[in-house]
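Quick look at entry_29.cif (mmCIF, N, CA and C atoms):
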data_work
#
loop_
_atom_site.label_atom_id
_atom_site.label_comp_id
_atom_site.auth_asym_id
_atom_site.auth_seq_id
_atom_site.Cartn_x
_atom_site.Cartn_y
_atom_site.Cartn_z
N MET V 25 11.28 -13.78 -138.30
CA MET V 25 11.46 -13.30 -136.95
C MET V 25 10.20 -12.58 -136.48
N LYS V 26 9.56 -11.83 -137.37
CA LYS V 26 8.34 -11.13 -137.01
C LYS V 26 7.23 -12.12 -136.67
N ARG V 27 7.20 -13.23 -137.38
CA ARG V 27 6.19 -14.26 -137.12
C ARG V 27 6.38 -14.88 -135.73
N ILE V 28 7.61 -15.08 -135.32
CA ILE V 28 7.89 -15.65 -134.00
C ILE V 28 7.40 -14.71 -132.91
N PHE V 29 7.74 -13.39 -133.02
CA PHE V 29 7.29 -12.42 -132.03
C PHE V 29 5.77 -12.30 -132.03
N LEU V 30 5.16 -12.35 -133.18
CA LEU V 30 3.71 -12.27 -133.27
C LEU V 30 3.06 -13.47 -132.59
N SER V 31 3.56 -14.67 -132.85
CA SER V 31 2.98 -15.87 -132.25
C SER V 31 3.23 -15.89 -130.75
N LEU V 32 4.40 -15.45 -130.28
CA LEU V 32 4.67 -15.40 -128.84
C LEU V 32 3.78 -14.37 -128.15
N SER V 33 3.56 -13.22 -128.79
CA SER V 33 2.71 -12.21 -128.18
C SER V 33 1.26 -12.67 -128.11
N ILE V 34 0.81 -13.40 -129.11
CA ILE V 34 -0.56 -13.94 -129.09
C ILE V 34 -0.69 -14.99 -127.99
N ALA V 35 0.34 -15.83 -127.84
CA ALA V 35 0.30 -16.87 -126.82
C ALA V 35 0.42 -16.29 -125.41
N ALA V 36 1.15 -15.21 -125.23
CA ALA V 36 1.39 -14.63 -123.91
C ALA V 36 0.31 -13.64 -123.50
N ALA V 37 -0.49 -13.17 -124.43
CA ALA V 37 -1.51 -12.15 -124.13
C ALA V 37 -2.48 -12.57 -123.03
N PRO V 38 -3.03 -13.78 -123.02
CA PRO V 38 -3.95 -14.13 -121.93
C PRO V 38 -3.29 -14.11 -120.56
N PHE V 39 -2.03 -14.49 -120.48
CA PHE V 39 -1.33 -14.49 -119.20
C PHE V 39 -1.04 -13.07 -118.71
N LEU V 40 -0.72 -12.18 -119.63
CA LEU V 40 -0.39 -10.80 -119.26
C LEU V 40 -1.63 -9.99 -118.91
N LEU V 41 -2.76 -10.32 -119.53
CA LEU V 41 -3.98 -9.55 -119.31
C LEU V 41 -4.90 -10.15 -118.24
N ALA V 42 -4.50 -11.29 -117.67
CA ALA V 42 -5.32 -11.94 -116.66
C ALA V 42 -5.33 -11.12 -115.38
N GLN V 43 -6.48 -11.15 -114.70
CA GLN V 43 -6.62 -10.42 -113.45
C GLN V 43 -6.84 -11.39 -112.31
N LYS V 44 -6.34 -11.04 -111.16
CA LYS V 44 -6.50 -11.87 -109.99
C LYS V 44 -7.74 -11.41 -109.22
N VAL V 45 -8.64 -12.35 -108.91
CA VAL V 45 -9.86 -12.03 -108.19
C VAL V 45 -9.59 -12.21 -106.70
N VAL V 46 -9.84 -11.16 -105.92
CA VAL V 46 -9.57 -11.20 -104.49
C VAL V 46 -10.88 -10.99 -103.73
N GLY V 47 -11.07 -11.78 -102.68
CA GLY V 47 -12.22 -11.58 -101.80
C GLY V 47 -13.55 -12.07 -102.36
N LEU V 48 -13.52 -13.02 -103.25
CA LEU V 48 -14.76 -13.54 -103.83
C LEU V 48 -15.32 -14.63 -102.92
N GLU V 49 -16.60 -14.52 -102.57
CA GLU V 49 -17.25 -15.53 -101.74
C GLU V 49 -18.42 -16.14 -102.51
N ILE V 50 -18.54 -17.45 -102.40
CA ILE V 50 -19.66 -18.15 -103.03
C ILE V 50 -20.65 -18.50 -101.94
N LYS V 51 -21.86 -18.02 -102.10
CA LYS V 51 -22.90 -18.27 -101.11
C LYS V 51 -23.88 -19.28 -101.68
N GLU V 52 -24.05 -20.38 -100.95
CA GLU V 52 -25.01 -21.41 -101.35
C GLU V 52 -26.32 -21.15 -100.63
N PRO V 53 -27.42 -21.46 -101.29
CA PRO V 53 -28.71 -21.26 -100.60
C PRO V 53 -28.82 -22.19 -99.40
N GLN V 54 -29.40 -21.70 -98.34
CA GLN V 54 -29.55 -22.50 -97.13
C GLN V 54 -30.62 -23.56 -97.33
N LYS V 55 -30.26 -24.79 -97.06
CA LYS V 55 -31.23 -25.87 -97.16
C LYS V 55 -31.83 -26.12 -95.78
N LYS V 56 -33.10 -26.46 -95.78
CA LYS V 56 -33.76 -26.80 -94.53
C LYS V 56 -33.28 -28.19 -94.13
N GLU V 57 -32.65 -28.27 -92.99
CA GLU V 57 -32.08 -29.54 -92.55
C GLU V 57 -33.14 -30.39 -91.85
N GLN V 58 -33.09 -31.68 -92.12
CA GLN V 58 -33.98 -32.62 -91.46
C GLN V 58 -33.44 -32.91 -90.06
N PRO V 59 -34.30 -33.15 -89.10
CA PRO V 59 -33.78 -33.54 -87.80
C PRO V 59 -33.05 -34.87 -87.91
N ALA V 60 -32.05 -35.05 -87.09
CA ALA V 60 -31.21 -36.24 -87.18
C ALA V 60 -31.92 -37.49 -86.67
N VAL V 61 -33.00 -37.32 -85.95
CA VAL V 61 -33.69 -38.45 -85.35
C VAL V 61 -35.11 -38.54 -85.90
N ILE V 62 -35.54 -39.75 -86.17
CA ILE V 62 -36.91 -39.99 -86.60
C ILE V 62 -37.70 -40.45 -85.38
N SER V 63 -38.88 -39.92 -85.18
CA SER V 63 -39.66 -40.26 -83.99
C SER V 63 -40.02 -41.74 -83.98
N LYS V 64 -40.23 -42.27 -82.78
CA LYS V 64 -40.54 -43.69 -82.63
C LYS V 64 -41.86 -44.05 -83.30
N ASP V 65 -42.82 -43.12 -83.28
CA ASP V 65 -44.11 -43.37 -83.92
C ASP V 65 -43.94 -43.54 -85.43
N LYS V 66 -43.11 -42.66 -86.02
CA LYS V 66 -42.86 -42.76 -87.46
C LYS V 66 -42.12 -44.05 -87.79
N VAL V 67 -41.13 -44.41 -86.98
CA VAL V 67 -40.38 -45.64 -87.22
C VAL V 67 -41.31 -46.84 -87.14
N LYS V 68 -42.23 -46.83 -86.18
CA LYS V 68 -43.20 -47.93 -86.06
C LYS V 68 -44.09 -48.00 -87.30
N MET V 69 -44.55 -46.83 -87.78
CA MET V 69 -45.40 -46.81 -88.97
C MET V 69 -44.62 -47.33 -90.19
N TYR V 70 -43.38 -46.85 -90.36
CA TYR V 70 -42.56 -47.31 -91.49
C TYR V 70 -42.29 -48.81 -91.39
N ASN V 71 -41.98 -49.27 -90.18
CA ASN V 71 -41.69 -50.69 -89.97
C ASN V 71 -42.92 -51.55 -90.28
N ASP V 72 -44.09 -51.11 -89.83
CA ASP V 72 -45.32 -51.86 -90.11
C ASP V 72 -45.57 -51.95 -91.62
N ASN V 73 -45.39 -50.83 -92.33
CA ASN V 73 -45.57 -50.85 -93.78
C ASN V 73 -44.56 -51.75 -94.46
N PHE V 74 -43.33 -51.75 -93.97
CA PHE V 74 -42.30 -52.61 -94.58
C PHE V 74 -42.61 -54.08 -94.33
N GLN V 75 -43.06 -54.41 -93.12
CA GLN V 75 -43.39 -55.81 -92.83
C GLN V 75 -44.55 -56.28 -93.70
N LYS V 76 -45.55 -55.41 -93.93
CA LYS V 76 -46.65 -55.75 -94.84
C LYS V 76 -46.12 -55.94 -96.26
N PHE V 77 -45.16 -55.10 -96.65
CA PHE V 77 -44.56 -55.20 -97.99
C PHE V 77 -43.84 -56.53 -98.16
N VAL V 78 -43.08 -56.94 -97.15
CA VAL V 78 -42.33 -58.20 -97.23
C VAL V 78 -43.30 -59.37 -97.36
N ILE V 79 -44.37 -59.34 -96.57
CA ILE V 79 -45.37 -60.42 -96.65
C ILE V 79 -46.01 -60.45 -98.03
N ALA V 80 -46.34 -59.28 -98.58
CA ALA V 80 -46.96 -59.21 -99.90
C ALA V 80 -46.00 -59.68 -101.00
N VAL V 81 -44.72 -59.35 -100.88
CA VAL V 81 -43.74 -59.78 -101.88
C VAL V 81 -43.54 -61.29 -101.81
N GLN V 82 -43.48 -61.85 -100.60
CA GLN V 82 -43.28 -63.29 -100.44
C GLN V 82 -44.48 -64.08 -100.97
N SER V 83 -45.69 -63.50 -100.86
CA SER V 83 -46.87 -64.20 -101.36
C SER V 83 -47.21 -63.81 -102.80
N SER V 84 -46.38 -62.97 -103.42
CA SER V 84 -46.55 -62.51 -104.80
C SER V 84 -47.90 -61.81 -105.01
N ASP V 85 -48.32 -61.02 -104.03
CA ASP V 85 -49.57 -60.27 -104.09
C ASP V 85 -49.27 -58.87 -104.65
N ARG V 86 -49.37 -58.73 -105.97
CA ARG V 86 -49.00 -57.48 -106.63
C ARG V 86 -49.91 -56.31 -106.21
N ALA V 87 -51.19 -56.56 -105.98
CA ALA V 87 -52.11 -55.48 -105.59
C ALA V 87 -51.72 -54.91 -104.23
N ALA V 88 -51.34 -55.76 -103.28
CA ALA V 88 -50.93 -55.29 -101.95
C ALA V 88 -49.61 -54.54 -102.04
N VAL V 89 -48.71 -55.01 -102.88
CA VAL V 89 -47.42 -54.34 -103.07
C VAL V 89 -47.64 -52.94 -103.63
N ASP V 90 -48.52 -52.81 -104.63
CA ASP V 90 -48.78 -51.51 -105.24
C ASP V 90 -49.39 -50.52 -104.25
N GLN V 91 -50.18 -51.00 -103.29
CA GLN V 91 -50.76 -50.12 -102.27
C GLN V 91 -49.68 -49.55 -101.35
N LEU V 92 -48.61 -50.30 -101.13
CA LEU V 92 -47.56 -49.87 -100.20
C LEU V 92 -46.46 -49.07 -100.87
N LEU V 93 -46.38 -49.13 -102.22
CA LEU V 93 -45.34 -48.41 -102.95
C LEU V 93 -45.75 -46.97 -103.21
N SER V 94 -44.76 -46.10 -103.28
CA SER V 94 -44.99 -44.71 -103.62
C SER V 94 -45.40 -44.59 -105.08
N ASP V 95 -46.18 -43.55 -105.39
CA ASP V 95 -46.59 -43.32 -106.78
C ASP V 95 -45.39 -43.05 -107.69
N LYS V 96 -44.31 -42.54 -107.10
CA LYS V 96 -43.11 -42.22 -107.88
C LYS V 96 -42.42 -43.46 -108.43
N VAL V 97 -42.56 -44.59 -107.76
CA VAL V 97 -41.82 -45.79 -108.18
C VAL V 97 -42.70 -46.92 -108.70
N LYS V 98 -44.02 -46.76 -108.64
CA LYS V 98 -44.91 -47.84 -109.10
C LYS V 98 -44.66 -48.22 -110.55
N GLU V 99 -44.38 -47.22 -111.38
CA GLU V 99 -44.21 -47.48 -112.81
C GLU V 99 -42.92 -48.24 -113.13
N ILE V 100 -41.89 -48.04 -112.32
CA ILE V 100 -40.61 -48.68 -112.64
C ILE V 100 -40.40 -50.01 -111.92
N VAL V 101 -41.26 -50.33 -110.95
CA VAL V 101 -41.14 -51.60 -110.24
C VAL V 101 -41.84 -52.69 -111.06
N THR V 102 -41.04 -53.59 -111.57
CA THR V 102 -41.56 -54.69 -112.38
C THR V 102 -41.57 -55.97 -111.55
N ASP V 103 -42.11 -57.02 -112.13
CA ASP V 103 -42.13 -58.31 -111.46
C ASP V 103 -40.72 -58.85 -111.26
N ASP V 104 -39.80 -58.54 -112.18
CA ASP V 104 -38.41 -58.98 -112.03
C ASP V 104 -37.74 -58.30 -110.83
N VAL V 105 -38.05 -57.03 -110.64
CA VAL V 105 -37.50 -56.30 -109.49
C VAL V 105 -38.02 -56.91 -108.19
N LEU V 106 -39.31 -57.19 -108.15
CA LEU V 106 -39.90 -57.80 -106.96
C LEU V 106 -39.34 -59.19 -106.71
N LYS V 107 -39.03 -59.91 -107.77
CA LYS V 107 -38.43 -61.24 -107.63
C LYS V 107 -37.05 -61.14 -106.99
N LYS V 108 -36.26 -60.13 -107.38
CA LYS V 108 -34.93 -59.95 -106.79
C LYS V 108 -35.04 -59.57 -105.31
N VAL V 109 -36.02 -58.74 -104.97
CA VAL V 109 -36.24 -58.39 -103.57
C VAL V 109 -36.64 -59.64 -102.79
N LYS V 110 -37.51 -60.45 -103.38
CA LYS V 110 -37.97 -61.68 -102.72
C LYS V 110 -36.81 -62.63 -102.47
N GLU V 111 -35.90 -62.74 -103.44
CA GLU V 111 -34.74 -63.63 -103.29
C GLU V 111 -33.74 -63.09 -102.27
N GLY V 112 -33.72 -61.79 -102.07
CA GLY V 112 -32.76 -61.18 -101.16
C GLY V 112 -33.16 -61.24 -99.70
N ILE V 113 -34.40 -61.63 -99.42
CA ILE V 113 -34.89 -61.67 -98.03
C ILE V 113 -35.30 -63.10 -97.70
N ASP V 114 -34.76 -63.63 -96.62
CA ASP V 114 -35.08 -64.99 -96.18
C ASP V 114 -36.42 -64.97 -95.44
N PRO V 115 -37.46 -65.64 -95.98
CA PRO V 115 -38.79 -65.58 -95.34
C PRO V 115 -38.87 -66.35 -94.02
N SER V 116 -37.92 -67.24 -93.77
CA SER V 116 -37.98 -68.04 -92.55
C SER V 116 -37.44 -67.28 -91.34
N GLN V 117 -36.78 -66.14 -91.56
CA GLN V 117 -36.24 -65.37 -90.45
C GLN V 117 -36.97 -64.04 -90.31
N LYS V 118 -37.09 -63.58 -89.08
CA LYS V 118 -37.79 -62.32 -88.79
C LYS V 118 -36.81 -61.16 -88.89
N LEU V 119 -37.27 -60.06 -89.49
CA LEU V 119 -36.44 -58.86 -89.62
C LEU V 119 -36.69 -57.91 -88.47
N GLU V 120 -35.61 -57.27 -87.99
CA GLU V 120 -35.75 -56.25 -86.95
C GLU V 120 -34.96 -55.01 -87.36
N VAL V 121 -35.34 -53.88 -86.82
CA VAL V 121 -34.69 -52.61 -87.16
C VAL V 121 -33.28 -52.59 -86.61
N SER V 122 -32.32 -52.26 -87.48
CA SER V 122 -30.93 -52.18 -87.08
C SER V 122 -30.49 -50.73 -86.92
N LYS V 123 -30.74 -49.91 -87.93
CA LYS V 123 -30.35 -48.49 -87.90
C LYS V 123 -31.47 -47.66 -88.52
N VAL V 124 -31.59 -46.43 -88.04
CA VAL V 124 -32.58 -45.50 -88.56
C VAL V 124 -31.86 -44.20 -88.90
N GLY V 125 -32.17 -43.65 -90.08
CA GLY V 125 -31.53 -42.41 -90.49
C GLY V 125 -32.22 -41.83 -91.70
N TYR V 126 -31.46 -41.05 -92.45
CA TYR V 126 -31.99 -40.44 -93.66
C TYR V 126 -31.14 -40.83 -94.86
N TYR V 127 -31.79 -40.96 -96.01
CA TYR V 127 -31.14 -41.28 -97.27
C TYR V 127 -31.33 -40.08 -98.19
N VAL V 128 -30.23 -39.57 -98.71
CA VAL V 128 -30.29 -38.41 -99.61
C VAL V 128 -30.34 -38.91 -101.05
N THR V 129 -31.40 -38.54 -101.76
CA THR V 129 -31.55 -38.97 -103.15
C THR V 129 -30.76 -38.06 -104.07
N MET V 130 -30.73 -38.40 -105.35
CA MET V 130 -29.93 -37.65 -106.31
C MET V 130 -30.42 -36.22 -106.48
N ASP V 131 -31.70 -35.96 -106.21
CA ASP V 131 -32.21 -34.60 -106.34
C ASP V 131 -31.94 -33.76 -105.09
N GLY V 132 -31.29 -34.33 -104.10
CA GLY V 132 -30.89 -33.59 -102.91
C GLY V 132 -31.89 -33.64 -101.77
N SER V 133 -32.99 -34.34 -101.93
CA SER V 133 -33.97 -34.41 -100.86
C SER V 133 -33.68 -35.61 -99.95
N SER V 134 -34.00 -35.45 -98.68
CA SER V 134 -33.76 -36.50 -97.69
C SER V 134 -35.04 -37.28 -97.43
N HIS V 135 -34.90 -38.57 -97.33
CA HIS V 135 -36.03 -39.45 -97.04
C HIS V 135 -35.66 -40.38 -95.90
N PRO V 136 -36.63 -40.74 -95.05
CA PRO V 136 -36.35 -41.67 -93.95
C PRO V 136 -35.85 -43.01 -94.49
N ASN V 137 -34.86 -43.56 -93.82
CA ASN V 137 -34.24 -44.81 -94.23
C ASN V 137 -34.12 -45.72 -93.01
N ILE V 138 -34.56 -46.95 -93.15
CA ILE V 138 -34.44 -47.93 -92.07
C ILE V 138 -33.66 -49.12 -92.61
N LYS V 139 -32.64 -49.53 -91.85
CA LYS V 139 -31.85 -50.70 -92.22
C LYS V 139 -32.23 -51.83 -91.28
N TYR V 140 -32.42 -53.01 -91.88
CA TYR V 140 -32.89 -54.17 -91.13
C TYR V 140 -31.83 -55.25 -91.08
N LYS V 141 -31.90 -56.06 -90.01
CA LYS V 141 -31.08 -57.26 -89.89
C LYS V 141 -32.00 -58.36 -89.39
N TYR V 142 -31.51 -59.60 -89.48
CA TYR V 142 -32.31 -60.72 -88.98
C TYR V 142 -32.30 -60.72 -87.46
N ALA V 143 -33.45 -61.00 -86.87
CA ALA V 143 -33.58 -61.03 -85.41
C ALA V 143 -32.71 -62.15 -84.85
N GLY V 144 -31.98 -61.85 -83.80
CA GLY V 144 -31.12 -62.85 -83.17
C GLY V 144 -29.81 -63.08 -83.88
N ASP V 145 -29.50 -62.29 -84.91
CA ASP V 145 -28.24 -62.45 -85.65
C ASP V 145 -27.13 -61.76 -84.87
N SER V 146 -26.18 -62.53 -84.38
CA SER V 146 -25.11 -61.96 -83.56
C SER V 146 -24.08 -61.20 -84.39
N THR V 147 -24.02 -61.45 -85.69
CA THR V 147 -23.04 -60.76 -86.52
C THR V 147 -23.49 -59.34 -86.84
N SER V 148 -24.76 -59.05 -86.61
CA SER V 148 -25.37 -57.72 -86.83
C SER V 148 -25.09 -57.15 -88.21
N GLN V 149 -25.08 -58.00 -89.22
CA GLN V 149 -24.93 -57.50 -90.59
C GLN V 149 -26.30 -57.11 -91.12
N GLU V 150 -26.33 -55.99 -91.82
CA GLU V 150 -27.58 -55.52 -92.39
C GLU V 150 -27.97 -56.38 -93.58
N VAL V 151 -29.25 -56.67 -93.67
CA VAL V 151 -29.77 -57.55 -94.71
C VAL V 151 -30.46 -56.74 -95.80
N VAL V 152 -31.23 -55.72 -95.40
CA VAL V 152 -32.01 -54.94 -96.34
C VAL V 152 -32.15 -53.51 -95.82
N SER V 153 -32.25 -52.58 -96.77
CA SER V 153 -32.45 -51.17 -96.44
C SER V 153 -33.71 -50.70 -97.16
N ALA V 154 -34.55 -49.96 -96.44
CA ALA V 154 -35.80 -49.46 -97.02
C ALA V 154 -35.86 -47.95 -96.89
N VAL V 155 -36.24 -47.28 -97.98
CA VAL V 155 -36.37 -45.82 -98.01
C VAL V 155 -37.85 -45.50 -98.15
N PHE V 156 -38.33 -44.54 -97.34
CA PHE V 156 -39.75 -44.22 -97.27
C PHE V 156 -40.00 -42.76 -97.62
N GLU V 157 -41.25 -42.48 -98.04
CA GLU V 157 -41.74 -41.10 -98.10
C GLU V 157 -42.19 -40.74 -96.70
N ASP V 158 -42.42 -39.45 -96.45
CA ASP V 158 -42.86 -39.03 -95.13
C ASP V 158 -44.22 -39.62 -94.76
N GLY V 159 -45.05 -39.90 -95.74
CA GLY V 159 -46.37 -40.47 -95.49
C GLY V 159 -46.35 -41.95 -95.19
N GLY V 160 -45.22 -42.61 -95.34
CA GLY V 160 -45.11 -44.04 -95.04
C GLY V 160 -45.02 -44.94 -96.26
N LYS V 161 -45.24 -44.39 -97.45
CA LYS V 161 -45.13 -45.20 -98.66
C LYS V 161 -43.66 -45.53 -98.93
N ILE V 162 -43.41 -46.67 -99.53
CA ILE V 162 -42.05 -47.15 -99.77
C ILE V 162 -41.52 -46.59 -101.09
N LEU V 163 -40.36 -45.96 -101.02
CA LEU V 163 -39.69 -45.44 -102.21
C LEU V 163 -38.70 -46.44 -102.78
N GLY V 164 -38.07 -47.22 -101.93
CA GLY V 164 -37.08 -48.17 -102.41
C GLY V 164 -36.74 -49.21 -101.37
N VAL V 165 -36.42 -50.41 -101.85
CA VAL V 165 -35.96 -51.51 -100.99
C VAL V 165 -34.70 -52.05 -101.63
N MET V 166 -33.63 -52.07 -100.85
CA MET V 166 -32.34 -52.50 -101.39
C MET V 166 -31.78 -53.65 -100.56
N PRO V 167 -31.95 -54.90 -101.01
CA PRO V 167 -31.32 -56.01 -100.29
C PRO V 167 -29.79 -55.92 -100.42
N VAL V 168 -29.11 -56.22 -99.33
CA VAL V 168 -27.65 -56.23 -99.35
C VAL V 168 -27.20 -57.54 -99.98
N LYS V 169 -26.22 -57.44 -100.88
CA LYS V 169 -25.73 -58.65 -101.53
C LYS V 169 -25.06 -59.57 -100.52
N LYS V 170 -25.38 -60.84 -100.64
CA LYS V 170 -24.80 -61.84 -99.73
C LYS V 170 -23.43 -62.24 -100.26
N GLU V 171 -22.50 -62.37 -99.31
CA GLU V 171 -21.15 -62.83 -99.69
C GLU V 171 -21.13 -64.33 -99.67
N PRO V 172 -20.51 -64.97 -100.66
CA PRO V 172 -20.48 -66.45 -100.67
C PRO V 172 -19.56 -67.02 -99.63
#
As structure tokens, how would this structure be written, given the file I've shared?
Amino acid sequence: MKRIFLSLSIAAAPFLLAQKVVGLEIKEPQKKEQPAVISKDKVKMYNDNFQKFVIAVQSSDRAAVDQLLSDKVKEIVTDDVLKKVKEGIDPSQKLEVSKVGYYVTMDGSSHPNIKYKYAGDSTSQEVVSAVFEDGGKILGVMPVKKEP
């Protein structure tokens, strides 16, 4: 009987000794917010760099591709990755800007993002998304998977 009371008292002790915290506030550090709109000059610069990138990928010009890529991603971009990007974009159709915004990376930083569609496409489905550094270098290109 003593063992039962001892085990019950040990099991009940955390519940009896627990305290209720009242009025606790968690303050997060204020992040500097990016403006919701990217200027037309920047969009033109990003678009020009992306169009040069597409031409370089289609012609398999690795030196031109490396000039347009950010230093952060040059090491991880292989020929296989460029081949997948090349297969995801139809070279016979012209790309035009569909949407402009920001892409938040895993480290919490925002980067300009432009989504493209084929010119004259009435379905307005996005074909490819490109993420840029502020200086215009390309951080990532993500072709949208085609549905069969």
Computed interatomic separation between CA of Lys76 (chain V) and CA of Ile100 (chain V) (Å):
20.1 Å
Considering only C-alpha atoms, return as an MDAnalysis selection string whatever protein or nucleic-acid residues lie within 10 Å of Ala88 (chain V), sequence-local ones (same chain, fewer than 6 positions apart) excluded.
chainID V and resid 76:77 79:81
Within 8 Å of Gln149 (chain V) using all atoms listed in the file, minus same-chain residues under 4 positions, as a PyMOL selection string:
chain V and resi 122+139-142+145
Would you kindly return, as a PDB file with N, CA and C atoms, keeping the file's coordinate frame, each protein, DNA or RNA residue with an atom no farther than 8 Å from any atom of Val78 (chain V), considering all atoms listed in the file and excluding same-chain residues fewer than 4 positions away?
ATOM      1  N   ASP V  72     -44.090 -51.110 -89.830  1.00  0.00           N
ATOM      2  CA  ASP V  72     -45.320 -51.860 -90.110  1.00  0.00           C
ATOM      3  C   ASP V  72     -45.570 -51.950 -91.620  1.00  0.00           C
ATOM      4  N   ASN V  73     -45.390 -50.830 -92.330  1.00  0.00           N
ATOM      5  CA  ASN V  73     -45.570 -50.850 -93.780  1.00  0.00           C
ATOM      6  C   ASN V  73     -44.560 -51.750 -94.460  1.00  0.00           C
ATOM      7  N   PHE V  74     -43.330 -51.750 -93.970  1.00  0.00           N
ATOM      8  CA  PHE V  74     -42.300 -52.610 -94.580  1.00  0.00           C
ATOM      9  C   PHE V  74     -42.610 -54.080 -94.330  1.00  0.00           C
ATOM     10  N   GLN V  82     -43.480 -61.850-100.600  1.00  0.00           N
ATOM     11  CA  GLN V  82     -43.280 -63.290-100.440  1.00  0.00           C
ATOM     12  C   GLN V  82     -44.480 -64.080-100.970  1.00  0.00           C
ATOM     13  N   SER V  83     -45.690 -63.500-100.860  1.00  0.00           N
ATOM     14  CA  SER V  83     -46.870 -64.200-101.360  1.00  0.00           C
ATOM     15  C   SER V  83     -47.210 -63.810-102.800  1.00  0.00           C
ATOM     16  N   SER V  84     -46.380 -62.970-103.420  1.00  0.00           N
ATOM     17  CA  SER V  84     -46.550 -62.510-104.800  1.00  0.00           C
ATOM     18  C   SER V  84     -47.900 -61.810-105.010  1.00  0.00           C
ATOM     19  N   VAL V  89     -48.710 -55.010-102.880  1.00  0.00           N
ATOM     20  CA  VAL V  89     -47.420 -54.340-103.070  1.00  0.00           C
ATOM     21  C   VAL V  89     -47.640 -52.940-103.630  1.00  0.00           C
ATOM     22  N   LYS V 110     -37.510 -60.450-103.380  1.00  0.00           N
ATOM     23  CA  LYS V 110     -37.970 -61.680-102.720  1.00  0.00           C
ATOM     24  C   LYS V 110     -36.810 -62.630-102.470  1.00  0.00           C
ATOM     25  N   PRO V 115     -37.460 -65.640 -95.980  1.00  0.00           N
ATOM     26  CA  PRO V 115     -38.790 -65.580 -95.340  1.00  0.00           C
ATOM     27  C   PRO V 115     -38.870 -66.350 -94.020  1.00  0.00           C
TER      28      PRO V 115
END
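Interatomic distance, CA of Gln75 (chain V) against CA of Lys96 (chain V): 20.3 Å.
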Got a sec to tell me which of chain V DSSP assigns to alpha helix (DSSP H), as JSON, numbers by chain?
{"V": [26, 27, 28, 29, 30, 31, 32, 33, 34, 35, 36, 37, 38, 39, 40, 41, 64, 65, 66, 67, 68, 69, 70, 71, 72, 73, 74, 75, 76, 77, 78, 79, 80, 81, 82, 86, 87, 88, 89, 90, 91, 92, 103, 104, 105, 106, 107, 108, 109, 110, 111, 112]}
Minimum-distance residue to His135 (chain V), chosen among V:Asp158, V:Leu48, V:Glu150, V:Lys123 (using only N, CA and C atoms)
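Using only N, CA and C atoms, the shortest distance to His135 (chain V) belongs to V:Asp158.
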Run the PyMOL selection byres (((chain V and resi 152 and name CA) around 9) and name CA) against the file shown and list the residues it catches, as JSON, numbers by chain.
{"V": [112, 113, 119, 138, 139, 140, 141, 150, 151, 153, 154, 165, 166, 167, 168, 169]}
Considering all atoms listed in the file, state which residue in the set V:Gly164, V:Asp85, V:Gly159, V:Val105 is at the smallest distance from Tyr70 (chain V).
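Selected residue with least distance to Tyr70 (chain V): V:Gly159.
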Taking (-52.7, -53.5, -111.2) in the coordinates of the supplied file, I want to know which residues reach to within 12 Å of it, counting only C-alpha atoms; could you give the answer as a list in words?
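Taken together, the residues in range are Asp85, Arg86, Ala87, Ala88, Val89, Asp90, Gln91, Lys98, Glu99, Val101, Thr102 and Asp103 of chain V.
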Any idea what the distance is between atom N of Leu93 (chain V) and CA of Gly160 (chain V)?
8.9 Å
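Taking region 54-140 of chain V and asking which residues DSSP calls strand (DSSP E or B) on the backbone, you get Leu93, Leu119, Glu120, Val121, Ser122, Lys123, Val124, Gly125, Tyr126, Tyr127, Val128, Ser134, His135, Pro136, Asn137, Ile138, Lys139 and Tyr140 of chain V.
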Keeping only N, CA and C atoms, write the selected residues to a file as a compact mmCIF listing (two decimals), keeping the file's coordinate frame.
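part26.txt, written as the output of this step:
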# COMPACT_ATOMS: atom_id res chain seq x y z
N LEU V 93 -46.38 -49.13 -102.22
CA LEU V 93 -45.34 -48.41 -102.95
C LEU V 93 -45.75 -46.97 -103.21
N LEU V 119 -37.27 -60.06 -89.49
CA LEU V 119 -36.44 -58.86 -89.62
C LEU V 119 -36.69 -57.91 -88.47
N GLU V 120 -35.61 -57.27 -87.99
CA GLU V 120 -35.75 -56.25 -86.95
C GLU V 120 -34.96 -55.01 -87.36
N VAL V 121 -35.34 -53.88 -86.82
CA VAL V 121 -34.69 -52.61 -87.16
C VAL V 121 -33.28 -52.59 -86.61
N SER V 122 -32.32 -52.26 -87.48
CA SER V 122 -30.93 -52.18 -87.08
C SER V 122 -30.49 -50.73 -86.92
N LYS V 123 -30.74 -49.91 -87.93
CA LYS V 123 -30.35 -48.49 -87.90
C LYS V 123 -31.47 -47.66 -88.52
N VAL V 124 -31.59 -46.43 -88.04
CA VAL V 124 -32.58 -45.50 -88.56
C VAL V 124 -31.86 -44.20 -88.90
N GLY V 125 -32.17 -43.65 -90.08
CA GLY V 125 -31.53 -42.41 -90.49
C GLY V 125 -32.22 -41.83 -91.70
N TYR V 126 -31.46 -41.05 -92.45
CA TYR V 126 -31.99 -40.44 -93.66
C TYR V 126 -31.14 -40.83 -94.86
N TYR V 127 -31.79 -40.96 -96.01
CA TYR V 127 -31.14 -41.28 -97.27
C TYR V 127 -31.33 -40.08 -98.19
N VAL V 128 -30.23 -39.57 -98.71
CA VAL V 128 -30.29 -38.41 -99.61
C VAL V 128 -30.34 -38.91 -101.05
N SER V 134 -34.00 -35.45 -98.68
CA SER V 134 -33.76 -36.50 -97.69
C SER V 134 -35.04 -37.28 -97.43
N HIS V 135 -34.90 -38.57 -97.33
CA HIS V 135 -36.03 -39.45 -97.04
C HIS V 135 -35.66 -40.38 -95.90
N PRO V 136 -36.63 -40.74 -95.05
CA PRO V 136 -36.35 -41.67 -93.95
C PRO V 136 -35.85 -43.01 -94.49
N ASN V 137 -34.86 -43.56 -93.82
CA ASN V 137 -34.24 -44.81 -94.23
C ASN V 137 -34.12 -45.72 -93.01
N ILE V 138 -34.56 -46.95 -93.15
CA ILE V 138 -34.44 -47.93 -92.07
C ILE V 138 -33.66 -49.12 -92.61
N LYS V 139 -32.64 -49.53 -91.85
CA LYS V 139 -31.85 -50.70 -92.22
C LYS V 139 -32.23 -51.83 -91.28
N TYR V 140 -32.42 -53.01 -91.88
CA TYR V 140 -32.89 -54.17 -91.13
C TYR V 140 -31.83 -55.25 -91.08
